[in-house]
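Let me begin by presenting the structure, written as structure tokens, before commenting on it.
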Amino acid sequence: MKERSSDKFSDVEDNIKRITENIENAKLRAGRTDTVRLMGVTKTVDPEKVNFSVSRGVTLLGENRVQEFLDKRDRYVGDPEIHFIGGLQTNKVKYIIDKVKMIHSADSEHLIAEINKRAAGAGLRMDILIEVNIGGEESKSGIKPEMLDELAYKTAELENVRLRGLMAIPPVDVDGSSDRYFAQMQRLYSDLKEKTKDDGRFMIDTLSMGMSGDYEHAIMHGSTIVRIGSVLYGYRNYNT
Ligand SMILES: *Cc1c(COP(=O)(O)O)cnc(C)c1O
């Protein structure tokens, strides 16, 4: 008899239940009634497993490698919404421009200009988030917080991109959480939102932060998309 996918992926099913409950509880603790979206981060995960998660309600996927995404996307079913969340080289923008709904990892004027150009060529307007290097780590991508305003207003001048908010991958803090950094991101985000609220070129409504180890903390600090890989699909055998 053929193995049923609900048996094969019962661990994923349990994980989705648990994560969804944790998200709701964190929202309650934070006194929030708005929406927090669970994104399934698919790197190294077999499309069959991803498809199962989509069938169980994880309808938002995060891709962070261009080639892996291009290899896998034809095998996705269930019409998930796909965002690009990984480091993006300018010369790769053209491969993904018409295949994703949002790019979370916009971190330079140069890259954003290329996204704008390719979006124009494809006849669309791409939603983007500016990635902020909130921990000031040399090894990480993202702009310095003090550069945010300048880049945000430059972005607003481009017709084929629309800035929707901010994304961050903070370092783990001394107490084992990223609370301090999440709080800083929340402040940057609400400042940007307030400042641009009467400016039709902006539509600031997305704060992408929180991963497997810290998403409940991120929700306490206003995250609207939590990007979850390992506690959803199982631990990867290599790190990225
Ligand atoms: C891998 C990855 C995640 C998910 O990481 P986990 O700790 O496995 O949940 C989230 N965001 C980005 C940008 C990633 O590359």
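As shown in the structure tokens, the chain order sets the letters A, B, ...; within each chain, residues go from 1, and ligands are also counted from 1 in the order they appear.
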
Give one line per residue of stretch 37-69 of chain A that approaches stretch 92-100 of chain A to at most 10 Å, naming the two atoms of the closest pair and their distance in Å to one decimal, counting only C-alpha atoms; sort by chain then ascending residue number and deliver it as CSV.
residue,atom,partner,partner_atom,distance
A:Leu61,CA,A:Val100,CA,9.7
A:Gly62,CA,A:Val100,CA,9.4
A:Glu63,CA,A:Val100,CA,9.1
A:Val66,CA,A:Lys92,CA,7.3
A:Gln67,CA,A:Tyr95,CA,9.1
A:Phe69,CA,A:Ile96,CA,8.8

Q: Quick one: everything within 9 Å of A:Pro170, counting only C-alpha atoms, minus sequence neighbours fewer than 3 positions away in the same chain. Send it as a PyMOL selection string.
A: chain A and resi 132-137+173+178+181-182+209-210

Any chance you could export the current selection's all heavy atoms as a PDB file, in the first residue's frame?
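See part-v9.pdb below for the written result:
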ATOM      1  N   VAL A 132      18.096  45.332   7.303  1.00  0.00           N
ATOM      2  CA  VAL A 132      18.904  46.145   8.208  1.00  0.00           C
ATOM      3  C   VAL A 132      19.854  45.238   8.989  1.00  0.00           C
ATOM      4  O   VAL A 132      19.449  44.224   9.562  1.00  0.00           O
ATOM      5  CB  VAL A 132      18.003  46.927   9.198  1.00  0.00           C
ATOM      6  CG1 VAL A 132      18.847  47.760  10.157  1.00  0.00           C
ATOM      7  CG2 VAL A 132      17.017  47.810   8.447  1.00  0.00           C
ATOM      8  N   ASN A 133      21.107  45.618   9.000  1.00  0.00           N
ATOM      9  CA  ASN A 133      22.119  44.881   9.783  1.00  0.00           C
ATOM     10  C   ASN A 133      22.101  45.446  11.201  1.00  0.00           C
ATOM     11  O   ASN A 133      22.949  46.249  11.585  1.00  0.00           O
ATOM     12  CB  ASN A 133      23.490  45.054   9.128  1.00  0.00           C
ATOM     13  CG  ASN A 133      24.565  44.220   9.795  1.00  0.00           C
ATOM     14  OD1 ASN A 133      24.354  43.605  10.846  1.00  0.00           O
ATOM     15  ND2 ASN A 133      25.747  44.199   9.185  1.00  0.00           N
ATOM     16  N   ILE A 134      21.126  44.992  11.967  1.00  0.00           N
ATOM     17  CA  ILE A 134      20.835  45.642  13.242  1.00  0.00           C
ATOM     18  C   ILE A 134      21.900  45.357  14.302  1.00  0.00           C
ATOM     19  O   ILE A 134      22.094  46.135  15.229  1.00  0.00           O
ATOM     20  CB  ILE A 134      19.411  45.256  13.750  1.00  0.00           C
ATOM     21  CG1 ILE A 134      18.919  46.215  14.832  1.00  0.00           C
ATOM     22  CG2 ILE A 134      19.346  43.816  14.224  1.00  0.00           C
ATOM     23  CD1 ILE A 134      18.699  47.644  14.356  1.00  0.00           C
ATOM     24  N   GLY A 135      22.615  44.258  14.129  1.00  0.00           N
ATOM     25  CA  GLY A 135      23.671  43.942  15.093  1.00  0.00           C
ATOM     26  C   GLY A 135      25.017  44.541  14.719  1.00  0.00           C
ATOM     27  O   GLY A 135      26.001  44.387  15.448  1.00  0.00           O
ATOM     28  N   GLY A 136      25.068  45.211  13.560  1.00  0.00           N
ATOM     29  CA  GLY A 136      26.331  45.795  13.113  1.00  0.00           C
ATOM     30  C   GLY A 136      27.413  44.762  12.887  1.00  0.00           C
ATOM     31  O   GLY A 136      28.603  45.020  13.086  1.00  0.00           O
ATOM     32  N   GLU A 137      27.030  43.571  12.445  1.00  0.00           N
ATOM     33  CA  GLU A 137      28.014  42.508  12.264  1.00  0.00           C
ATOM     34  C   GLU A 137      28.661  42.587  10.875  1.00  0.00           C
ATOM     35  O   GLU A 137      27.978  42.627   9.869  1.00  0.00           O
ATOM     36  CB  GLU A 137      27.336  41.145  12.413  1.00  0.00           C
ATOM     37  CG  GLU A 137      26.756  40.913  13.790  1.00  0.00           C
ATOM     38  CD  GLU A 137      25.915  39.654  13.800  1.00  0.00           C
ATOM     39  OE1 GLU A 137      24.818  39.669  13.237  1.00  0.00           O
ATOM     40  OE2 GLU A 137      26.373  38.654  14.363  1.00  0.00           O
ATOM     41  N   ASP A 173      21.583  37.507  21.363  1.00  0.00           N
ATOM     42  CA  ASP A 173      22.122  38.392  22.401  1.00  0.00           C
ATOM     43  C   ASP A 173      22.713  37.590  23.575  1.00  0.00           C
ATOM     44  O   ASP A 173      22.584  36.371  23.632  1.00  0.00           O
ATOM     45  CB  ASP A 173      20.971  39.290  22.889  1.00  0.00           C
ATOM     46  CG  ASP A 173      21.476  40.630  23.392  1.00  0.00           C
ATOM     47  OD1 ASP A 173      22.694  40.762  23.621  1.00  0.00           O
ATOM     48  OD2 ASP A 173      20.644  41.528  23.569  1.00  0.00           O
ATOM     49  N   SER A 178      17.097  37.588  21.166  1.00  0.00           N
ATOM     50  CA  SER A 178      17.522  38.724  20.348  1.00  0.00           C
ATOM     51  C   SER A 178      16.708  39.947  20.706  1.00  0.00           C
ATOM     52  O   SER A 178      16.593  40.873  19.914  1.00  0.00           O
ATOM     53  CB  SER A 178      17.333  38.389  18.866  1.00  0.00           C
ATOM     54  OG  SER A 178      17.909  37.153  18.558  1.00  0.00           O
ATOM     55  N   TYR A 181      17.746  43.609  19.987  1.00  0.00           N
ATOM     56  CA  TYR A 181      17.770  43.958  18.561  1.00  0.00           C
ATOM     57  C   TYR A 181      16.371  44.039  17.970  1.00  0.00           C
ATOM     58  O   TYR A 181      16.086  44.897  17.149  1.00  0.00           O
ATOM     59  CB  TYR A 181      18.627  42.956  17.794  1.00  0.00           C
ATOM     60  CG  TYR A 181      20.040  42.910  18.298  1.00  0.00           C
ATOM     61  CD1 TYR A 181      20.504  41.836  19.035  1.00  0.00           C
ATOM     62  CD2 TYR A 181      20.902  43.980  18.056  1.00  0.00           C
ATOM     63  CE1 TYR A 181      21.801  41.805  19.513  1.00  0.00           C
ATOM     64  CE2 TYR A 181      22.198  43.970  18.534  1.00  0.00           C
ATOM     65  CZ  TYR A 181      22.643  42.876  19.265  1.00  0.00           C
ATOM     66  OH  TYR A 181      23.912  42.850  19.736  1.00  0.00           O
ATOM     67  N   PHE A 182      15.509  43.131  18.419  1.00  0.00           N
ATOM     68  CA  PHE A 182      14.122  43.193  17.942  1.00  0.00           C
ATOM     69  C   PHE A 182      13.479  44.514  18.365  1.00  0.00           C
ATOM     70  O   PHE A 182      12.725  45.123  17.608  1.00  0.00           O
ATOM     71  CB  PHE A 182      13.301  42.018  18.485  1.00  0.00           C
ATOM     72  CG  PHE A 182      13.623  40.688  17.877  1.00  0.00           C
ATOM     73  CD1 PHE A 182      13.564  39.518  18.633  1.00  0.00           C
ATOM     74  CD2 PHE A 182      13.972  40.578  16.529  1.00  0.00           C
ATOM     75  CE1 PHE A 182      13.850  38.285  18.073  1.00  0.00           C
ATOM     76  CE2 PHE A 182      14.262  39.337  15.960  1.00  0.00           C
ATOM     77  CZ  PHE A 182      14.197  38.193  16.738  1.00  0.00           C
ATOM     78  N   MET A 209      10.895  39.466  10.841  1.00  0.00           N
ATOM     79  CA  MET A 209      11.968  39.064  11.764  1.00  0.00           C
ATOM     80  C   MET A 209      11.482  37.949  12.674  1.00  0.00           C
ATOM     81  O   MET A 209      10.297  37.833  12.955  1.00  0.00           O
ATOM     82  CB  MET A 209      12.494  40.261  12.564  1.00  0.00           C
ATOM     83  CG  MET A 209      11.505  40.951  13.457  1.00  0.00           C
ATOM     84  SD  MET A 209      12.237  42.434  14.239  1.00  0.00           S
ATOM     85  CE  MET A 209      10.965  42.799  15.486  1.00  0.00           C
ATOM     86  N   GLY A 210      12.432  37.138  13.125  1.00  0.00           N
ATOM     87  CA  GLY A 210      12.133  35.986  13.956  1.00  0.00           C
ATOM     88  C   GLY A 210      12.316  34.707  13.158  1.00  0.00           C
ATOM     89  O   GLY A 210      11.797  34.569  12.061  1.00  0.00           O
TER      90      GLY A 210
END

**Q.** Selection as JSON, numbers by chain: residues within 10 Å of ligand 1 by only C-alpha atoms and all ligand atoms
**A.** {"A": [39, 40, 41, 42, 43, 44, 62, 63, 64, 65, 84, 85, 86, 87, 104, 105, 131, 167, 168, 169, 208, 209, 210, 211, 212, 213, 214, 215, 226, 227, 228, 229, 230, 231, 232, 233, 234, 235, 236, 239, 240]}

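Residues in contact with A:Gly222 at 8 Å, where only C-alpha atoms are counted and same-chain residues fewer than 3 positions away are skipped, are listed as Gln186, Leu207, Ala218 and Ile219 of chain A.
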
Q: Provide the atom CA of A:Arg37 to atom CA of A:Asn116 distance in Å, to one decimal place.
A: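 The value is 25.9 Å.
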
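The interatomic distance for the pair atom CA of A:Ile130 and atom CA of A:Ala156 works out to 12.0 Å.
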